[in-house]
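The file work_35.cif contains mmCIF, C-alpha atoms:
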```
data_upload
#
loop_
_atom_site.label_atom_id
_atom_site.label_comp_id
_atom_site.auth_asym_id
_atom_site.auth_seq_id
_atom_site.Cartn_x
_atom_site.Cartn_y
_atom_site.Cartn_z
CA MET A 17 85.11 73.91 91.24
CA ARG A 18 82.35 74.41 93.77
CA LEU A 19 82.37 77.90 95.31
CA SER A 20 80.60 79.26 98.35
CA PRO A 21 76.90 79.81 97.60
CA VAL A 22 77.10 83.03 99.62
CA LEU A 23 79.67 84.40 97.17
CA ALA A 24 77.41 83.53 94.26
CA GLN A 25 74.32 85.05 95.89
CA LEU A 26 75.99 88.34 96.73
CA GLY A 27 77.36 88.80 93.23
CA THR A 28 79.83 91.48 92.19
CA TYR A 29 80.63 94.25 94.66
CA PRO A 30 78.75 97.27 93.22
CA PHE A 31 81.78 99.53 93.04
CA VAL A 32 83.60 96.89 90.96
CA ARG A 33 80.85 97.35 88.36
CA LEU A 34 81.41 101.08 88.51
CA GLU A 35 85.15 100.61 87.95
CA GLU A 36 84.43 98.47 84.90
CA ALA A 37 82.25 101.21 83.39
CA LYS A 38 84.92 103.82 84.10
CA ARG A 39 87.59 101.75 82.36
CA ARG A 40 85.35 101.35 79.31
CA LEU A 41 84.77 105.09 78.98
CA ALA A 42 88.40 105.96 79.65
CA ALA A 43 89.38 103.60 76.82
CA GLU A 44 86.99 105.55 74.57
CA GLY A 45 88.80 108.76 75.43
CA VAL A 46 86.23 110.25 77.82
CA GLN A 47 87.84 112.48 80.47
CA LEU A 48 86.28 111.43 83.77
CA ILE A 49 85.70 113.45 86.93
CA ASP A 50 85.20 110.75 89.53
CA PHE A 51 82.72 111.43 92.33
CA GLY A 52 81.88 107.72 92.54
CA THR A 53 84.21 106.18 95.11
CA GLY A 54 85.15 107.71 98.47
CA ASP A 55 88.92 107.50 98.02
CA PRO A 56 90.53 110.85 99.02
CA GLN A 57 92.92 112.28 96.44
CA GLU A 58 94.70 114.74 98.75
CA ALA A 59 98.33 114.10 99.67
CA THR A 60 98.91 112.50 103.05
CA ASP A 61 100.57 114.93 105.48
CA PRO A 62 104.38 114.80 105.01
CA ARG A 63 104.97 114.20 108.73
CA ILE A 64 102.88 111.05 108.52
CA ARG A 65 104.71 109.87 105.41
CA GLN A 66 108.08 110.47 107.08
CA ALA A 67 107.01 108.49 110.15
CA LEU A 68 106.15 105.59 107.82
CA VAL A 69 109.61 105.70 106.26
CA ASP A 70 111.35 106.01 109.62
CA GLY A 71 109.36 103.03 110.87
CA VAL A 72 110.91 100.62 108.36
CA GLU A 73 113.61 98.64 110.15
CA GLU A 74 116.31 96.31 108.87
CA ARG A 75 114.35 93.32 110.05
CA MET A 76 110.68 93.32 110.94
CA GLY A 77 109.00 90.35 112.60
CA TYR A 78 105.33 89.52 112.72
CA PRO A 79 103.28 92.36 114.26
CA LEU A 80 101.27 91.55 117.37
CA ALA A 81 97.47 91.66 117.32
CA GLN A 82 97.29 94.06 120.28
CA GLY A 83 99.39 96.64 118.41
CA LEU A 84 102.14 98.91 119.66
CA PRO A 85 101.59 100.36 123.15
CA GLU A 86 102.48 103.79 121.74
CA LEU A 87 99.71 103.50 119.14
CA ARG A 88 97.12 102.45 121.68
CA ALA A 89 98.16 105.39 123.84
CA ALA A 90 97.86 107.77 120.88
CA VAL A 91 94.35 106.52 120.11
CA VAL A 92 93.32 106.82 123.76
CA GLY A 93 94.70 110.38 123.78
CA TRP A 94 92.71 111.29 120.67
CA VAL A 95 89.49 109.76 122.00
CA GLY A 96 89.96 111.68 125.25
CA ARG A 97 90.51 115.01 123.49
CA ARG A 98 87.77 114.48 120.94
CA PHE A 99 85.02 112.81 122.96
CA GLY A 100 85.92 113.63 126.56
CA ILE A 101 86.22 110.07 127.86
CA GLU A 102 89.10 107.96 129.15
CA LEU A 103 89.70 104.49 127.72
CA ASP A 104 91.98 101.77 129.04
CA PRO A 105 94.69 101.30 126.36
CA ASN A 106 95.26 97.69 127.43
CA ARG A 107 91.63 96.52 127.63
CA GLU A 108 89.48 98.74 125.40
CA ILE A 109 91.51 99.29 122.18
CA VAL A 110 92.78 97.09 119.36
CA PRO A 111 94.39 98.46 116.14
CA THR A 112 93.04 97.21 112.80
CA LEU A 113 93.84 97.21 109.07
CA GLY A 114 91.61 100.18 108.41
CA SER A 115 88.08 99.40 109.54
CA LYS A 116 86.75 97.36 106.60
CA GLU A 117 88.37 94.04 107.55
CA ALA A 118 87.29 94.39 111.17
CA ILE A 119 83.72 95.26 110.18
CA PHE A 120 83.59 92.25 107.86
CA SER A 121 84.92 89.80 110.46
CA LEU A 122 82.95 90.92 113.54
CA ALA A 123 80.08 88.52 112.88
CA GLN A 124 82.48 85.56 112.90
CA ILE A 125 83.04 85.94 116.64
CA LEU A 126 79.45 86.77 117.62
CA ILE A 127 77.12 84.56 115.57
CA GLY A 128 75.95 81.39 117.31
CA PRO A 129 72.89 79.36 118.33
CA GLY A 130 70.07 81.66 119.39
CA LYS A 131 72.04 84.71 118.22
CA ASP A 132 71.88 84.35 114.46
CA LEU A 133 70.54 87.72 113.35
CA VAL A 134 72.38 90.87 112.28
CA LEU A 135 70.50 94.16 111.99
CA LEU A 136 71.88 96.83 109.70
CA THR A 137 70.67 100.01 108.11
CA GLU A 138 70.18 100.80 104.44
CA PRO A 139 71.09 102.64 102.35
CA GLY A 140 74.47 101.81 103.80
CA TYR A 141 77.95 100.38 103.55
CA PRO A 142 77.63 96.89 101.98
CA VAL A 143 80.51 95.27 103.92
CA GLN A 144 78.43 94.86 107.09
CA GLU A 145 75.90 92.68 105.26
CA ARG A 146 78.51 90.68 103.40
CA GLY A 147 80.47 89.92 106.54
CA ALA A 148 77.28 88.78 108.28
CA ARG A 149 76.24 86.49 105.44
CA PHE A 150 79.64 84.84 105.14
CA ALA A 151 79.44 84.15 108.89
CA GLY A 152 76.14 82.32 108.33
CA ALA A 153 73.93 84.97 109.91
CA GLN A 154 70.46 86.06 108.94
CA VAL A 155 70.25 89.74 107.99
CA LEU A 156 67.45 92.24 108.58
CA GLN A 157 67.83 95.59 106.83
CA LEU A 158 66.24 98.62 108.46
CA PRO A 159 65.43 101.49 106.07
CA LEU A 160 66.81 104.95 106.74
CA LEU A 161 64.14 107.36 105.58
CA GLU A 162 64.50 111.07 105.04
CA GLY A 163 61.32 111.71 107.05
CA ARG A 164 62.94 110.08 110.10
CA ASP A 165 66.22 112.01 109.78
CA PHE A 166 67.82 108.86 108.40
CA LEU A 167 67.57 107.05 111.76
CA PRO A 168 66.22 103.49 112.06
CA ASP A 169 62.82 103.03 113.67
CA LEU A 170 63.71 101.31 116.94
CA ASP A 171 60.05 101.18 118.00
CA ALA A 172 59.24 98.92 115.04
CA LEU A 173 61.47 96.10 116.34
CA PRO A 174 59.66 93.47 118.43
CA PRO A 175 61.43 92.04 121.52
CA GLU A 176 61.71 88.58 119.95
CA THR A 177 63.70 90.08 117.06
CA LEU A 178 66.05 91.89 119.42
CA ASP A 179 66.50 88.71 121.48
CA ARG A 180 67.80 86.90 118.35
CA THR A 181 70.06 89.79 117.39
CA ALA A 182 73.83 89.34 117.71
CA ILE A 183 74.89 92.68 116.15
CA PHE A 184 73.06 95.93 115.48
CA TRP A 185 75.13 97.96 113.01
CA VAL A 186 74.87 101.74 112.78
CA ASN A 187 76.98 104.24 110.87
CA TYR A 188 76.97 107.93 111.87
CA PRO A 189 77.90 110.28 110.35
CA ASN A 190 76.20 108.17 107.74
CA ASN A 191 77.49 106.93 104.42
CA PRO A 192 75.82 107.70 102.06
CA THR A 193 73.29 110.18 103.50
CA GLY A 194 75.61 112.42 105.55
CA ALA A 195 73.16 112.27 108.49
CA VAL A 196 74.34 112.64 112.11
CA ALA A 197 72.78 110.79 115.05
CA PRO A 198 72.00 112.56 118.34
CA ARG A 199 73.49 111.27 121.57
CA GLU A 200 70.01 110.22 122.76
CA PHE A 201 69.83 107.73 119.88
CA PHE A 202 73.10 106.07 120.90
CA GLU A 203 72.03 105.95 124.55
CA ARG A 204 68.70 104.32 123.76
CA LEU A 205 70.26 101.77 121.41
CA ALA A 206 72.96 100.94 123.98
CA ALA A 207 70.26 100.36 126.59
CA LEU A 208 68.51 97.95 124.21
CA ALA A 209 71.84 96.21 123.59
CA ARG A 210 72.28 95.56 127.31
CA GLU A 211 68.65 94.50 127.76
CA HIS A 212 68.63 92.03 124.86
CA ASP A 213 72.35 91.13 124.96
CA PHE A 214 73.39 92.14 121.46
CA VAL A 215 76.37 94.24 120.39
CA LEU A 216 75.85 97.82 119.29
CA ALA A 217 78.52 98.16 116.58
CA SER A 218 79.08 101.73 115.41
CA ASP A 219 81.04 102.45 112.23
CA GLU A 220 82.39 105.99 112.73
CA ALA A 221 84.76 106.49 109.79
CA TYR A 222 83.45 110.01 109.12
CA THR A 223 83.30 111.64 112.56
CA GLU A 224 85.94 114.21 111.57
CA LEU A 225 84.36 115.33 108.29
CA TYR A 226 81.49 117.70 109.05
CA PHE A 227 80.28 121.12 107.96
CA GLY A 228 78.00 122.19 110.80
CA ASP A 229 79.05 124.09 113.92
CA GLU A 230 79.06 121.08 116.27
CA PRO A 231 81.29 118.02 115.72
CA PRO A 232 79.38 114.72 115.61
CA GLY A 233 79.24 112.56 118.72
CA SER A 234 80.17 108.90 119.13
CA ALA A 235 78.64 105.75 120.56
CA ILE A 236 81.80 105.46 122.68
CA GLN A 237 80.40 108.28 124.85
CA VAL A 238 77.57 106.19 126.29
CA GLU A 239 77.85 104.94 129.85
CA PRO A 240 78.32 102.12 130.56
CA ARG A 241 80.08 100.84 127.44
CA THR A 242 78.89 97.28 128.01
CA ASN A 243 77.93 95.66 124.67
CA VAL A 244 79.14 98.74 122.74
CA VAL A 245 81.99 98.82 120.25
CA VAL A 246 83.05 101.52 117.76
CA PHE A 247 85.18 101.36 114.62
CA ASN A 248 87.24 104.29 113.37
CA THR A 249 89.91 104.76 110.73
CA LEU A 250 92.51 107.16 109.41
CA SER A 251 91.39 106.59 105.82
CA LYS A 252 89.12 109.63 105.52
CA ARG A 253 90.21 112.02 108.29
CA SER A 254 93.89 111.79 107.30
CA SER A 255 93.65 110.79 103.60
CA MET A 256 95.35 107.47 104.40
CA THR A 257 93.20 104.90 102.57
CA GLY A 258 96.24 103.01 101.27
CA TYR A 259 97.80 102.74 104.72
CA ARG A 260 94.95 100.59 106.04
CA SER A 261 94.98 101.80 109.64
CA GLY A 262 92.17 102.08 112.16
CA PHE A 263 91.02 100.80 115.52
CA VAL A 264 88.17 99.13 117.40
CA ALA A 265 87.31 100.41 120.88
CA GLY A 266 84.73 99.56 123.50
CA ASP A 267 83.54 96.74 125.76
CA PRO A 268 86.66 95.01 127.20
CA GLN A 269 85.09 91.56 126.83
CA LEU A 270 84.62 92.05 123.10
CA ILE A 271 88.08 93.60 122.67
CA ALA A 272 89.55 90.52 124.37
CA ALA A 273 87.64 88.28 121.95
CA LEU A 274 89.02 90.28 119.01
CA LYS A 275 92.56 89.91 120.34
CA GLN A 276 92.00 86.16 120.53
CA PHE A 277 90.50 85.95 117.03
CA ARG A 278 92.69 88.29 115.01
CA PRO A 279 96.01 86.34 115.17
CA MET A 280 94.20 83.44 113.49
CA VAL A 281 93.54 85.51 110.36
CA GLY A 282 96.74 87.59 110.30
CA THR A 283 95.22 91.06 110.32
CA ALA A 284 97.63 92.89 112.63
CA PRO A 285 98.78 96.20 111.04
CA GLN A 286 102.42 96.44 109.96
CA VAL A 287 104.63 98.14 112.52
CA PHE A 288 105.78 100.89 110.15
CA VAL A 289 102.13 101.76 109.43
CA GLN A 290 101.46 101.87 113.17
CA ARG A 291 104.35 104.36 113.52
CA ALA A 292 102.69 106.58 110.93
CA ALA A 293 99.32 106.17 112.66
CA ILE A 294 100.79 107.43 115.95
CA VAL A 295 101.64 110.73 114.25
CA ALA A 296 98.24 110.92 112.56
CA TRP A 297 96.17 110.39 115.73
CA SER A 298 98.38 112.87 117.61
CA ASP A 299 97.84 115.80 115.23
CA GLU A 300 94.70 117.80 114.41
CA GLN A 301 96.14 120.48 112.14
CA HIS A 302 96.12 118.29 109.04
CA VAL A 303 92.56 117.16 109.84
CA GLU A 304 91.35 120.76 110.07
CA GLN A 305 92.99 121.49 106.71
CA THR A 306 91.34 118.43 105.17
CA ARG A 307 87.94 119.42 106.54
CA GLU A 308 88.31 122.95 105.15
CA LEU A 309 89.25 121.59 101.73
CA TYR A 310 86.11 119.44 101.61
CA ARG A 311 84.09 122.47 102.66
CA ARG A 312 85.46 124.50 99.73
CA LYS A 313 84.70 121.73 97.25
CA ARG A 314 81.20 121.39 98.67
CA ASP A 315 80.69 125.15 98.32
CA VAL A 316 81.63 124.92 94.63
CA LEU A 317 79.13 122.17 93.82
CA VAL A 318 76.11 122.93 95.99
CA PRO A 319 75.09 126.21 94.25
CA ALA A 320 75.30 124.55 90.83
CA LEU A 321 73.22 121.58 92.00
CA ARG A 322 70.56 123.83 93.50
CA GLU A 323 70.50 125.97 90.36
CA LEU A 324 69.71 122.82 88.38
CA GLY A 325 66.92 121.80 90.74
CA ILE A 326 68.83 118.90 92.30
CA ARG A 327 67.80 118.72 95.93
CA ILE A 328 70.30 117.96 98.67
CA ALA A 329 68.46 115.33 100.67
CA GLY A 330 71.12 114.36 103.20
CA GLY A 331 72.90 115.93 106.14
CA GLU A 332 75.95 118.13 106.54
CA ALA A 333 78.64 115.60 107.39
CA THR A 334 80.93 113.08 105.70
CA MET A 335 82.66 113.63 102.35
CA TYR A 336 79.45 112.89 100.45
CA LEU A 337 76.47 114.71 98.97
CA TRP A 338 73.25 112.66 99.07
CA LEU A 339 71.07 114.00 96.28
CA GLU A 340 67.59 113.37 94.94
CA VAL A 341 67.35 112.35 91.29
CA PRO A 342 65.58 115.20 89.44
CA GLY A 343 61.95 114.45 88.74
CA GLY A 344 62.03 111.28 90.81
CA GLY A 345 63.68 109.34 88.00
CA ASP A 346 65.66 106.12 88.02
CA ALA A 347 68.98 106.59 89.81
CA GLU A 348 70.98 104.13 87.72
CA ALA A 349 69.72 105.62 84.45
CA PHE A 350 70.52 109.11 85.70
CA ALA A 351 74.02 108.02 86.78
CA GLU A 352 74.56 106.45 83.35
CA ARG A 353 73.53 109.71 81.70
CA LEU A 354 76.04 111.66 83.77
CA LEU A 355 78.72 109.05 83.15
CA GLU A 356 78.47 109.58 79.40
CA THR A 357 79.31 113.28 79.99
CA GLY A 358 82.36 112.37 82.09
CA ILE A 359 80.87 112.77 85.59
CA VAL A 360 81.01 109.63 87.75
CA VAL A 361 78.45 109.31 90.57
CA SER A 362 77.10 106.38 92.57
CA PRO A 363 73.42 105.43 92.18
CA GLY A 364 71.65 105.24 95.53
CA SER A 365 70.60 101.68 94.74
CA PHE A 366 74.24 100.63 95.24
CA PHE A 367 73.59 101.15 98.96
CA GLY A 368 70.26 99.33 99.31
CA PRO A 369 66.59 99.54 98.31
CA ALA A 370 65.97 102.70 100.35
CA GLY A 371 68.53 104.45 98.15
CA ALA A 372 66.24 104.30 95.12
CA GLY A 373 65.63 107.78 93.75
CA TYR A 374 68.90 109.18 95.11
CA PHE A 375 72.53 109.37 94.03
CA ARG A 376 75.77 110.05 95.90
CA MET A 377 78.67 112.33 95.02
CA ALA A 378 81.96 111.82 96.87
CA LEU A 379 83.85 115.11 97.21
CA VAL A 380 87.18 113.58 96.22
CA PRO A 381 88.09 115.34 92.94
CA THR A 382 90.23 118.47 93.14
CA GLU A 383 88.70 121.94 93.57
CA GLU A 384 89.40 122.67 89.91
CA GLU A 385 87.71 119.43 88.87
CA CYS A 386 84.70 120.35 91.00
CA ARG A 387 84.45 123.67 89.15
CA ARG A 388 84.65 121.87 85.82
CA ALA A 389 82.04 119.37 86.98
CA ALA A 390 79.68 122.23 87.87
CA GLU A 391 80.02 123.48 84.27
CA LEU A 392 79.45 119.99 82.85
CA LEU A 393 76.35 119.55 84.98
CA ARG A 394 74.90 122.81 83.66
CA GLU A 395 75.58 121.68 80.11
CA ALA A 396 74.19 118.17 80.61
CA LEU A 397 71.04 119.14 82.53
#
```

Write out the structure in this file as structure tokens.
Amino acid sequence: MRLSPVLAQLGTYPFVRLEEAKRRLAAEGVQLIDFGTGDPQEATDPRIRQALVDGVEERMGYPLAQGLPELRAAVVGWVGRRFGIELDPNREIVPTLGSKEAIFSLAQILIGPGKDLVLLTEPGYPVQERGARFAGAQVLQLPLLEGRDFLPDLDALPPETLDRTAIFWVNYPNNPTGAVAPREFFERLAALAREHDFVLASDEAYTELYFGDEPPGSAIQVEPRTNVVVFNTLSKRSSMTGYRSGFVAGDPQLIAALKQFRPMVGTAPQVFVQRAAIVAWSDEQHVEQTRELYRRKRDVLVPALRELGIRIAGGEATMYLWLEVPGGGDAEAFAERLLETGIVVSPGSFFGPAGAGYFRMALVPTEEECRRAAELLREAL
């Protein structure tokens, strides 16, 4: 059987390799504390779970791509409270199955003759690149360097490159570095998007997980929103990864194109999940509790890491710690060493060449597991 050459070139998704290593060690009896994958372990708020149950009806037809009006209204209400702007629920919002599927498929509606290039940042979320390549696009990766506050160098991009660009992907707060972008960065990039007619696509899955005094901003705050689209999800803020519920918001022309495209691939969220999402977007108490829990887990690990000479290289947002490998060693070898002791981390190279020399810890284990991990780190290092 002849398979897509793109599939062969991209190889195995890096976190699948990590899962294989975890299964091997678990079979050998090693007790693992898993900081590798960003899948929250906290219970979903009971009000959200009840709304899911109540949303199951005796007969449920196909969900519509535009989503329930009540869900779009709930998202618009949250965006207004959180970012201080007013969106049109009929023209500027479309619900999604989380944000991963929408991120992957965006290139399929934007790549064409003369617009065959996708810019993305690395280290970063691999789905943006994979979606672009399956759509037949060329990809240019822009390194996020610590010395530049993990922001791409916009001045290094010649006009002819920007003219070919269909999508410029950014992700702030950033996975894996935890960096936050200032509003001036979004405004400048949006101006370039209008000038060169590309889409500024902002993955904002972690806007609600932060540890500084000021909440992170959003690309949705730029004016005008022409050529700007943002992706958000309940997966992290509400510990709802298995629900697969998010939204895309922004330029009405692009939202209309998504509404035209999405019925073809059957990615409308189930109605009962949308009912749960309405409750989630309408409540902040459970988000504040989640944020405080991550803060406590971070406060358990950070002193131990610093005591061991492991430098925190990233910012103070997301559910991740972006850490420098001690002594500038090889990240994958260091991660393998920790794995043998029962601590699972992600090598920075999983996220791109600029991740070499770093590793990522996702703050998803319990507080007690974080305390145990701090002890194991002291023993191992």

(message) Just the number, please: distance in Å from atom CA of Gly96 of chain A to atom CA of Pro231 of chain A, one decimal.
(response) 14.4 Å

(message) Please expand the PyMOL selection byres ((chain A and resi 148) around 12) into the concrete residues it hits in this file, giving the result as an NGL selection string.
(response) :A and (22 or 26 or 118-128 or 131-136 or 142-147 or 149-157 or 181-185)

Might I get the box with edges along x, y and z of the file that holds all atoms of segment 130-134 of chain A listed there, padded by 3 Å on every side, given as centre and edge lengths in Å to one decimal, as lines of an AutoDock Vina configuration file?
```
center_x = 71.2
center_y = 86.3
center_z = 115.8
size_x = 8.3
size_y = 15.2
size_z = 13.1
```

(message) Give me the residues near Met256 of chain A as a ChimeraX atom specification, where near means some atom within 10 Å (using all atoms listed in the file) and where sequence neighbours in that chain fewer than 3 positions away do not count.
(response) /A:55-61,64-65,114,249-253,259-262,292-293,296

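With distances restricted to all atoms listed in the file, A:Asp299 is the closest residue to Ala90 of chain A from A:Glu44, A:Glu239, A:Glu35, A:Asp299.
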
I'd like the contact shell of Ile359 of chain A - 8 Å cut-off, all atoms listed in the file, skipping same-chain residues fewer than 6 positions apart - returned as a JSON list (two decimals) with C-alpha atoms, in the coordinates of the input.
```
[["chain", "number", "residue", "atom", "x", "y", "z"],
["A", 48, "LEU", "CA", 86.28, 111.43, 83.77],
["A", 49, "ILE", "CA", 85.70, 113.45, 86.93],
["A", 50, "ASP", "CA", 85.20, 110.75, 89.53],
["A", 51, "PHE", "CA", 82.72, 111.43, 92.33],
["A", 389, "ALA", "CA", 82.04, 119.37, 86.98],
["A", 392, "LEU", "CA", 79.45, 119.99, 82.85]]
```

(request) Grab the atom CA of Ala272 of chain A to atom CA of Arg210 of chain A distance for me, in Å with one decimal place. (result)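 Those two atoms sit 18.2 Å apart.
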
(request) Extract, using all atoms listed in the file, all DNA, RNA and protein residues at most 10 Å from Lys38 of chain A, discarding same-chain residues fewer than 2 positions from it, and format them as a ChimeraX atom specification. (result) /A:32-36,40-44,46-48,50,52,355-356,358-360

(request) On this file, the PyMOL selection byres ((chain A and resi 158-166) around 9) gives some set of residues; write that set as a list in words. (result)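 Output of the PyMOL selection byres ((chain A and resi 158-166) around 9): Leu135, Leu136, Thr137, Glu138, Pro139, Gly140, Leu156, Gln157, Leu167, Pro168, Asp169, Asn190, Thr193, Ala195, Val196, Ala197, Ala329, Gly330, Gly331, Gly368, Pro369, Ala370 and Gly371 of chain A.
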
Taking only C-alpha atoms into account, produce a table as a Markdown table in which each residue of segment 264-342 of chain A with an atom at most 6 Å from an atom of segment 375-379 of chain A appears once, together with its shortest atom pair and the distance in Å to one decimal, ordered by chain and rising number.
```
| residue | atom | partner | partner_atom | distance |
| --- | --- | --- | --- | --- |
| A:Met335 | CA | A:Leu379 | CA | 5.5 |
| A:Tyr336 | CA | A:Ala378 | CA | 4.5 |
| A:Leu337 | CA | A:Met377 | CA | 5.1 |
| A:Trp338 | CA | A:Arg376 | CA | 4.8 |
| A:Leu339 | CA | A:Phe375 | CA | 5.4 |
```

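Shortest separation to Ala284 of chain A among A:Ala235, A:Leu173, A:Leu205, A:Phe263 occurs at residue A:Phe263, atoms counted being only C-alpha atoms.
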
(request) Just give me the gap between atom CA of Ile328 of chain A and atom CA of Pro189 of chain A in Å, one decimal is fine. (result)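 Calculated distance between atom CA of Ile328 of chain A and atom CA of Pro189 of chain A is 15.9 Å.
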
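Considering the residues A:Trp297, A:Ala390, A:Met280, A:Pro62 and counting only C-alpha atoms, Arg322 of chain A has its shortest atom-to-atom contact with A:Ala390.
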
(request) Please determine the residues with any atom at most 8 Å from (67.1, 91.4, 123.3) (coordinates as given in the file, with all atoms listed in the file counting) and report them as a VMD selection string. (result) chain A and resid 175 to 181 208 to 214

Export, as a compact mmCIF listing (two decimals), in the frame of the given file, the selected residues with C-alpha atoms.
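Okay, this is what ended up in out34.txt:
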```txt
# COMPACT_ATOMS: atom_id res chain seq x y z
CA PRO A 175 61.43 92.04 121.52
CA GLU A 176 61.71 88.58 119.95
CA THR A 177 63.70 90.08 117.06
CA LEU A 178 66.05 91.89 119.42
CA ASP A 179 66.50 88.71 121.48
CA ARG A 180 67.80 86.90 118.35
CA THR A 181 70.06 89.79 117.39
CA LEU A 208 68.51 97.95 124.21
CA ALA A 209 71.84 96.21 123.59
CA ARG A 210 72.28 95.56 127.31
CA GLU A 211 68.65 94.50 127.76
CA HIS A 212 68.63 92.03 124.86
CA ASP A 213 72.35 91.13 124.96
CA PHE A 214 73.39 92.14 121.46
```

(request) Give the answer as one residue: which of A:Glu348, A:Glu384, A:Glu102, A:Glu300 has the shortest atom-to-atom distance to Ser365 of chain A, using all atoms listed in the file? (result) A:Glu348

(request) Taking the file as shown, find all residues satisfying the PyMOL selection byres ((chain A and resi 363) around 9) and write them as an MDAnalysis selection string. (result) chainID A and resid 52 346:352 361:362 364:367 371:376

(request) Neighbourhood query: residues within 12 Å of (81.2, 124.4, 100.2), file coordinates, counting only C-alpha atoms; return as a VMD selection string. (result) chain A and resid 226 to 228 307 to 321 332 to 333 335 to 337 379 383 386 to 387
